[in-house]
Structure formats: C-alpha cells, structure tokens
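Dumped final_1.csv below, it's CSV, C-alpha atoms:
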chain,number,residue,atom,x,y,z
A,1,MET,CA,145.2,160.3,68.8
A,2,SER,CA,148.6,160.2,70.7
A,3,GLN,CA,149.5,162.9,73.1
A,4,SER,CA,153.1,163.6,72.1
A,5,GLN,CA,155.0,166.2,73.9
A,6,TYR,CA,156.9,168.6,71.7
A,7,VAL,CA,160.2,170.2,72.6
A,8,PHE,CA,161.6,172.9,70.4
A,9,ILE,CA,165.2,173.8,70.9
A,10,GLU,CA,165.6,177.3,69.6
A,11,THR,CA,169.3,178.4,69.0
A,12,ARG,CA,168.8,181.3,66.6
A,13,ASP,CA,169.0,185.0,67.2
A,14,PRO,CA,165.4,186.1,66.9
A,15,PHE,CA,166.6,189.6,65.7
A,16,GLU,CA,168.3,188.1,62.7
A,17,SER,CA,166.4,184.9,61.9
A,18,ALA,CA,162.9,185.1,60.5
A,19,GLY,CA,162.7,181.4,61.4
A,20,ALA,CA,162.2,182.3,65.1
A,21,GLY,CA,158.7,183.2,64.1
A,22,PHE,CA,158.2,179.8,62.6
A,23,VAL,CA,159.0,178.2,65.9
A,24,ALA,CA,156.6,180.4,67.8
A,25,ASP,CA,153.9,179.9,65.2
A,26,THR,CA,154.3,176.1,65.3
A,27,ALA,CA,154.6,175.9,69.1
A,28,THR,CA,151.5,178.0,69.5
A,29,ALA,CA,149.5,176.0,67.0
A,30,LEU,CA,150.4,172.7,68.7
A,31,ARG,CA,149.5,174.1,72.1
A,32,GLU,CA,146.1,175.3,70.7
A,33,ARG,CA,145.5,171.7,69.7
A,34,GLY,CA,146.1,170.6,73.2
A,35,ARG,CA,149.6,169.3,73.0
A,36,PRO,CA,152.2,169.9,75.7
A,37,VAL,CA,154.8,172.2,74.2
A,38,THR,CA,158.1,173.5,75.5
A,39,VAL,CA,160.4,175.9,73.8
A,40,PHE,CA,164.0,175.7,75.2
A,41,LEU,CA,166.0,178.8,74.3
A,42,VAL,CA,169.8,178.3,74.0
A,43,GLN,CA,172.8,180.0,72.4
A,44,ASN,CA,171.6,183.2,70.6
A,45,GLY,CA,168.0,182.0,71.1
A,46,VAL,CA,168.1,183.6,74.5
A,47,LEU,CA,168.7,187.1,73.2
A,48,ALA,CA,165.0,188.1,73.2
A,49,THR,CA,164.5,187.1,76.9
A,50,ARG,CA,165.3,190.5,78.3
A,51,ALA,CA,162.3,192.4,79.6
A,52,GLY,CA,161.3,195.0,76.9
A,53,ALA,CA,163.0,193.2,74.0
A,54,ARG,CA,161.1,194.4,70.9
A,55,GLY,CA,159.4,191.9,68.7
A,56,SER,CA,159.9,189.0,71.2
A,57,GLN,CA,157.7,186.0,70.5
A,58,ILE,CA,157.9,184.9,74.1
A,59,GLY,CA,154.8,186.7,75.4
A,60,ARG,CA,152.7,185.3,72.7
A,61,MET,CA,153.9,181.7,73.3
A,62,ALA,CA,153.5,182.0,77.1
A,63,GLU,CA,149.9,183.4,76.7
A,64,ALA,CA,149.1,180.3,74.5
A,65,GLY,CA,150.3,178.0,77.3
A,66,VAL,CA,153.7,177.1,75.8
A,67,THR,CA,156.4,176.6,78.5
A,68,VAL,CA,159.4,178.8,77.6
A,69,LEU,CA,162.7,178.0,79.2
A,70,ALA,CA,166.1,179.7,78.8
A,71,ASP,CA,169.5,178.0,79.2
A,72,GLU,CA,171.3,179.5,82.2
A,73,PHE,CA,174.7,179.0,80.6
A,74,SER,CA,173.7,180.9,77.4
A,75,LEU,CA,172.2,183.6,79.5
A,76,ARG,CA,175.4,184.0,81.6
A,77,GLU,CA,177.5,184.0,78.4
A,78,ARG,CA,175.5,187.0,77.1
A,79,GLY,CA,175.3,188.9,80.4
A,80,ILE,CA,171.6,188.4,81.0
A,81,GLU,CA,170.9,188.1,84.7
A,82,PRO,CA,167.8,186.3,86.1
A,83,GLY,CA,166.4,189.7,87.1
A,84,ASP,CA,166.7,190.9,83.5
A,85,LEU,CA,164.2,188.3,82.2
A,86,GLY,CA,160.9,189.4,80.9
A,87,GLY,CA,157.6,187.7,81.7
A,88,GLY,CA,156.8,184.3,80.3
A,89,VAL,CA,160.2,182.8,80.4
A,90,ARG,CA,162.1,180.9,83.2
A,91,GLN,CA,165.8,180.2,83.6
A,92,SER,CA,166.5,176.6,83.1
A,93,SER,CA,169.4,174.2,82.4
A,94,VAL,CA,170.5,171.5,80.0
A,95,ASP,CA,169.8,168.9,82.7
A,96,ALA,CA,166.2,170.0,82.6
A,97,LEU,CA,166.2,169.8,78.8
A,98,VAL,CA,167.5,166.2,79.0
A,99,ASP,CA,164.7,165.3,81.5
A,100,LEU,CA,162.2,166.6,78.9
A,101,LEU,CA,163.9,164.8,76.0
A,102,ILE,CA,163.7,161.4,77.7
A,103,VAL,CA,160.0,161.4,78.3
A,104,PRO,CA,158.6,158.7,76.0
A,105,GLY,CA,156.7,160.1,73.1
A,106,THR,CA,158.7,163.4,73.0
A,107,LYS,CA,159.1,164.9,69.6
A,108,ALA,CA,162.3,167.1,69.6
A,109,VAL,CA,162.8,169.8,67.0
A,110,TRP,CA,166.1,171.6,66.8
A,111,HIS,CA,166.1,175.0,65.1
B,1,MET,CA,165.4,148.4,84.4
B,2,THR,CA,167.0,149.6,81.2
B,3,ASN,CA,168.2,153.2,80.8
B,4,PRO,CA,166.4,155.6,78.6
B,5,ILE,CA,168.2,156.1,75.3
B,6,LEU,CA,168.9,159.4,73.5
B,7,THR,CA,170.1,159.4,70.0
B,8,VAL,CA,171.8,162.5,68.6
B,9,SER,CA,172.8,163.2,65.0
B,10,LEU,CA,175.4,165.8,64.5
B,11,MET,CA,176.4,167.5,61.2
B,12,ASP,CA,178.4,170.6,62.0
B,13,ALA,CA,182.1,170.5,61.4
B,14,PRO,CA,184.4,171.3,64.4
B,15,TYR,CA,185.2,175.0,65.2
B,16,GLU,CA,182.3,176.3,63.0
B,17,ALA,CA,179.2,176.5,65.2
B,18,ALA,CA,178.2,177.0,68.8
B,19,THR,CA,175.9,174.1,68.2
B,20,SER,CA,178.7,171.6,68.7
B,21,THR,CA,179.4,172.9,72.2
B,22,THR,CA,175.7,172.7,73.0
B,23,ALA,CA,175.5,169.2,71.7
B,24,PHE,CA,178.5,168.2,73.9
B,25,ARG,CA,176.7,169.7,76.9
B,26,ILE,CA,173.5,167.8,76.2
B,27,ILE,CA,175.4,164.5,75.8
B,28,ALA,CA,177.4,165.1,79.0
B,29,ALA,CA,174.2,166.0,80.9
B,30,ALA,CA,172.4,162.9,79.6
B,31,LEU,CA,175.2,160.6,80.6
B,32,GLY,CA,175.3,162.3,84.0
B,33,ARG,CA,171.6,161.5,84.4
B,34,GLY,CA,171.9,157.8,83.6
B,35,VAL,CA,170.8,158.1,79.9
B,36,ASP,CA,172.5,155.9,77.3
B,37,VAL,CA,173.5,158.1,74.4
B,38,ASN,CA,174.1,157.2,70.7
B,39,VAL,CA,175.8,159.7,68.5
B,40,PHE,CA,175.7,159.5,64.7
B,41,ALA,CA,178.2,162.0,63.3
B,42,TYR,CA,177.3,162.9,59.7
B,43,GLU,CA,179.0,165.1,57.1
B,44,GLY,CA,181.5,167.6,58.7
B,45,ALA,CA,180.8,166.3,62.2
B,46,VAL,CA,182.9,163.2,61.5
B,47,SER,CA,186.0,165.5,62.1
B,48,LEU,CA,184.9,166.2,65.6
B,49,ALA,CA,186.8,163.1,66.7
B,50,LEU,CA,189.7,163.4,64.3
B,51,ARG,CA,192.9,162.4,66.2
B,52,ASP,CA,195.1,164.7,64.1
B,53,GLN,CA,193.7,167.9,65.7
B,54,ALA,CA,196.4,169.9,67.6
B,55,PRO,CA,196.0,172.7,70.1
B,56,HIS,CA,197.9,175.9,69.1
B,57,ALA,CA,199.6,178.8,70.7
B,58,ASN,CA,198.2,182.3,70.3
B,59,PRO,CA,200.8,184.6,68.7
B,60,VAL,CA,198.5,187.6,69.1
B,61,LYS,CA,198.5,187.3,72.8
B,62,GLY,CA,202.0,185.8,73.0
B,63,THR,CA,200.8,182.7,74.8
B,64,SER,CA,202.4,179.2,74.4
B,65,VAL,CA,200.4,176.1,73.6
B,66,GLU,CA,200.5,175.2,77.3
B,67,GLU,CA,199.4,178.7,78.4
B,68,GLU,CA,196.6,178.9,75.8
B,69,GLN,CA,195.0,175.6,76.8
B,70,HIS,CA,193.2,175.6,73.5
B,71,PRO,CA,190.4,173.0,73.6
B,72,THR,CA,190.1,170.6,70.7
B,73,THR,CA,186.8,168.8,69.9
B,74,LYS,CA,188.6,165.4,69.8
B,75,ASP,CA,189.4,166.0,73.5
B,76,PHE,CA,185.8,166.8,74.3
B,77,VAL,CA,184.7,163.7,72.5
B,78,ALA,CA,187.3,161.6,74.3
B,79,ALA,CA,186.1,163.0,77.6
B,80,LEU,CA,182.5,162.1,76.7
B,81,LEU,CA,183.5,158.6,75.7
B,82,GLU,CA,185.3,158.2,79.0
B,83,LEU,CA,182.0,159.3,80.8
B,84,GLY,CA,180.1,156.8,78.7
B,85,ARG,CA,182.6,154.0,79.0
B,86,GLY,CA,180.4,151.8,81.2
B,87,GLU,CA,176.9,152.4,82.5
B,88,PRO,CA,175.3,154.5,81.1
B,89,ALA,CA,177.0,154.0,77.7
B,90,LEU,CA,178.0,156.4,74.9
B,91,THR,CA,178.2,154.9,71.4
B,92,TRP,CA,179.8,157.2,68.8
B,93,VAL,CA,179.4,156.3,65.1
B,94,ASN,CA,181.0,158.2,62.3
B,95,CYS,CA,179.4,158.1,58.8
B,96,GLY,CA,181.9,156.0,56.8
B,97,LEU,CA,181.3,157.7,53.5
B,98,CYS,CA,181.6,161.1,55.1
B,99,VAL,CA,184.9,160.0,56.7
B,100,ASP,CA,186.3,158.8,53.3
B,101,GLU,CA,185.3,162.0,51.5
B,102,ARG,CA,187.2,164.0,54.1
B,103,GLY,CA,190.2,161.7,54.7
B,104,ALA,CA,189.1,161.8,58.3
B,105,GLY,CA,189.6,158.2,59.1
B,106,ASN,CA,192.1,158.7,62.0
B,107,ALA,CA,189.6,159.0,64.7
B,108,ILE,CA,190.3,158.7,68.4
B,109,GLU,CA,189.8,155.4,70.2
B,110,GLY,CA,186.2,154.4,70.8
B,111,VAL,CA,184.7,155.9,67.6
B,112,THR,CA,183.3,153.4,65.2
B,113,ARG,CA,182.4,153.6,61.5
B,114,GLY,CA,178.9,153.1,60.2
B,115,GLY,CA,176.2,154.3,57.9
B,116,PRO,CA,172.6,155.6,57.8
B,117,ALA,CA,171.3,152.1,58.5
B,118,ASP,CA,173.0,152.3,61.9
B,119,PHE,CA,171.4,155.7,62.5
B,120,LEU,CA,168.0,154.2,61.7
B,121,ALA,CA,168.6,151.3,64.1
B,122,MET,CA,169.7,153.7,66.8
B,123,ALA,CA,166.6,155.9,66.3
B,124,LEU,CA,164.2,152.9,66.4
B,125,ALA,CA,165.7,151.7,69.6
B,126,SER,CA,165.8,155.2,71.3
B,127,THR,CA,163.4,157.0,73.6
B,128,THR,CA,164.0,160.1,71.7
B,129,THR,CA,166.1,161.2,68.7
B,130,LEU,CA,167.4,164.7,68.3
B,131,VAL,CA,168.6,165.7,64.8
B,132,ILE,CA,170.9,168.7,64.9
B,133,PRO,CA,171.2,170.1,61.4
B,134,THR,CA,173.6,172.6,60.1
B,135,LYS,CA,172.3,176.2,59.7

Mind turning the file's structure into structure tokens?
Amino acid sequence: MSQSQYVFIETRDPFESAGAGFVADTATALRERGRPVTVFLVQNGVLATRAGARGSQIGRMAEAGVTVLADEFSLRERGIEPGDLGGGVRQSSVDALVDLLIVPGTKAVWH
Amino acid sequence: MTNPILTVSLMDAPYEAATSTTAFRIIAAALGRGVDVNVFAYEGAVSLALRDQAPHANPVKGTSVEEEQHPTTKDFVAALLELGRGEPALTWVNCGLCVDERGAGNAIEGVTRGGPADFLAMALASTTTLVIPTK
C-alpha cells in the first residue's frame, strides 16, 4: 500500500461550518491508519486557534498525531498573536505549505 | 533536474471570495520556490484575468482612483505571469466554454484558452494537483 501524505487546507470558520468536523474526522482517521497528515489552517480556518476556543477540533487532531499549522498572514489579519495560540497548533506560512504540496505522493484537499 | 510542478484549478469569480487571494499567494510562493505552476481557471475564475477590469475611486471616503489604489485581479494575475515568465514557469489556461458563456474573452496577455482535457494533461504531468472549489 502506498504511503501518501495528506494535506488538508481548511479555510472555513469552524464556528459556522459543520464541515470543519469532517476535516478533523477524516484527518484523524487517516492518521490512525498510519498516514502522515497535515491540516493547514488559512483564512477563517484559523479562528479556532486561540487558546480556550470552545469546540475547537485542534486538540483532538494533535492528540491523534496530525500536524496542525496556521497561516501567519491569516492570523495577523485576525489579530491573533503567536502567544494567543492554543496547544497543538503552530504558526506557519504559505511557503511551508508549498513545500508540503510538492512532496511526491501528496494528496491535497481544499475545504 | 526538472522543477516540481503544481497544478491549481480555480473556480471562484473575482471579488467574491478570500480564496482567490490565498490562491494567488500559493502560486506566488510556489514560483518563488522554483516550482512550475499550471493554473486552470474554470467557471467564474476565467474573469480573474479579464482585461476590462478597472480600478475605482471611493466616493464614501472621497478618494480618487489614484489615492484608492484599488487592486484588480487582472493586475495580480499579470504580476504572477511576470514572475513565471521564465524559469520557473507559470502557465495560465482559461476554460474556453466558461469564457464564452461569460463574454470574458478579452484576457490579459499570457492567458491561453483550453478545456478540461488540458486540465487532465496538467494534472497527469504534475507533482501535485490542488483543486480549489467554490463554497
């Protein structure tokens, strides 16, 4: 079986989109099957990164071994400082996203 | 050694979604990192490169066209095409049927016309394909 890497790009506000749960469920399930998985939060997808955000899926994904990254530009636009971030998520960049996307065998999913 | 290739399909019309800006950022970052990029613009996204777009003044703020510096997506696309003029390369293909439906044939220089078969060929030749759907 191939060892594809999965990259989910989550753009939606988790507080208004039930689909954010779909991304977390799928990412976690893939990780539980041994696949490398990254969820890259961008645009309103970063809104649940603040420490203490209710209903955030980030902790669950991080505990499962999913790498969760947040776009620094989107964070800045929304006034979220690096020190505001909760556990399980790291500030990242579109450059880092491109580096992930060009790894051969990567499956990229935009949501 | 050949460059990695990223193919991106876009569907959002200009001035509708934050996604267009994020896509432009990804394309610029990829070109900056030596990645060849193919873009297949589908549905409303064919208007991103429409030459007829014009920046506007802002009567609410009382600013002129020059003061407002309103960015147009055609200028973003032109800047990306300039970045990808040589090595690495940016190829931008507009869906021809989508262009015809919208009367959006007056694209800026560097944008070509194609169809889903071109998108398939791009995807097959790419390291990774990123499909960016509308909401």

Taking all atoms listed in the file into account and nothing else, which residues of chain A lie no more than 10 Å away from chain B? Please answer as a PyMOL selection string. chain A and resi 9+11-12+42-44+73-74+93-111

Go through stretch 12-51 of chain B and flag each residue having an atom no more than 7 Å from stretch 104-124 of chain B; for those, report the closest pair of atoms plus their distance in Å to one decimal, using all atoms listed in the file, ordered by chain and rising number, as a Markdown table.
| residue | atom | partner | partner_atom | distance |
| --- | --- | --- | --- | --- |
| B:Asn38 | CA | B:Met122 | CA | 6.8 |
| B:Phe40 | CA | B:Phe119 | CA | 6.1 |
| B:Ser47 | CA | B:Ala104 | CA | 6.1 |
| B:Ala49 | CA | B:Ala107 | CA | 5.4 |
| B:Leu50 | CA | B:Ala107 | CA | 4.4 |
| B:Arg51 | CA | B:Ala107 | CA | 5.0 |

Neighbour list for A:Gly65 as a list in words, cut-off 8 Å, all atoms listed in the file, skip fewer than 3 positions in-chain: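 In the requested form, the answer reads Thr28, Arg31, Val37, Met61 and Ala62 of chain A.
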
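Between A:Ala53 and the residues A:Gly34, A:Gly79, A:Gly87, A:Gly21, the shortest atom-to-atom distance, using all atoms listed in the file, involves A:Gly87.
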
Contacts of B:Pro71 within 10 Å, all atoms listed in the file, excl. fewer than 2 positions in-chain, as a PyMOL selection string: chain B and resi 53-56+68-69+73-76

Selection: 6 Å around B:Pro88, only C-alpha atoms, excl. self and same-chain fewer than 3 positions, as JSON, numbers by chain: {"B": [34, 35, 36, 84]}

How would the residues just chosen look if you wrote them out with C-alpha atoms as a PDB file, keeping the file's coordinate frame?
ATOM      1  CA  GLY B  34     171.900 157.800  83.600  1.00  0.00           C
ATOM      2  CA  VAL B  35     170.800 158.100  79.900  1.00  0.00           C
ATOM      3  CA  ASP B  36     172.500 155.900  77.300  1.00  0.00           C
ATOM      4  CA  GLY B  84     180.100 156.800  78.700  1.00  0.00           C
TER       5      GLY B  84
END

Do you have the atom CA of A:Ala29-atom CA of A:Val68 distance handy?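 Atom CA of A:Val68 lies at a distance of 14.8 Å from atom CA of A:Ala29.
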
Could you check which of B:Leu81, B:Cys98, B:Val8, B:Ala13 is closest to B:Ala45, using only C-alpha atoms?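 Smallest separation from B:Ala45 among the options: B:Ala13.
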
I'd like the interatomic distance between atom CA of A:Ala70 and atom CA of A:Gln3, to a tenth of an Å.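 Atom-to-atom, atom CA of A:Ala70 and atom CA of A:Gln3 are spaced 24.3 Å apart.
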
Residue nearest A:Asp13 - candidates A:Val46, A:Leu30, A:Val39, A:Ile80, atoms counted: all atoms listed in the file: A:Val46

Option closest in space to A:Ala48, from A:Ser92, A:Glu63, A:Leu69, A:Gln5 [counting only C-alpha atoms]: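 For A:Ala48, the nearest of the given residues is A:Leu69.
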
Near-A:Leu85 list (6 Å; all atoms listed in the file; drop same-chain fewer than 5 positions) as a list in words: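 Residues meeting the cut-off are Thr49, Arg50 and Ala51 of chain A.
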
Give me, as an MDAnalysis selection string, all polymer residues having an atom no more than 8 Å from stretch 22-25 of chain A, counting only C-alpha atoms and skipping those fewer than 6 positions away in the same chain. chainID A and resid 8 10 57:58 60:61 111

Atoms kept (C-alpha atoms) for selection, written as a short mmCIF file (atom, residue, chain, number, x, y, z; two decimals), in the frame of the given file:
data_model
loop_
_atom_site.label_atom_id
_atom_site.label_comp_id
_atom_site.auth_asym_id
_atom_site.auth_seq_id
_atom_site.Cartn_x
_atom_site.Cartn_y
_atom_site.Cartn_z
CA PHE A 8 161.60 172.90 70.40
CA GLU A 10 165.60 177.30 69.60
CA GLN A 57 157.70 186.00 70.50
CA ILE A 58 157.90 184.90 74.10
CA ARG A 60 152.70 185.30 72.70
CA MET A 61 153.90 181.70 73.30
CA HIS A 111 166.10 175.00 65.10
#

Atom CA of B:Asn58 to atom CA of A:Glu72, straight-line distance in Å: 29.5 Å
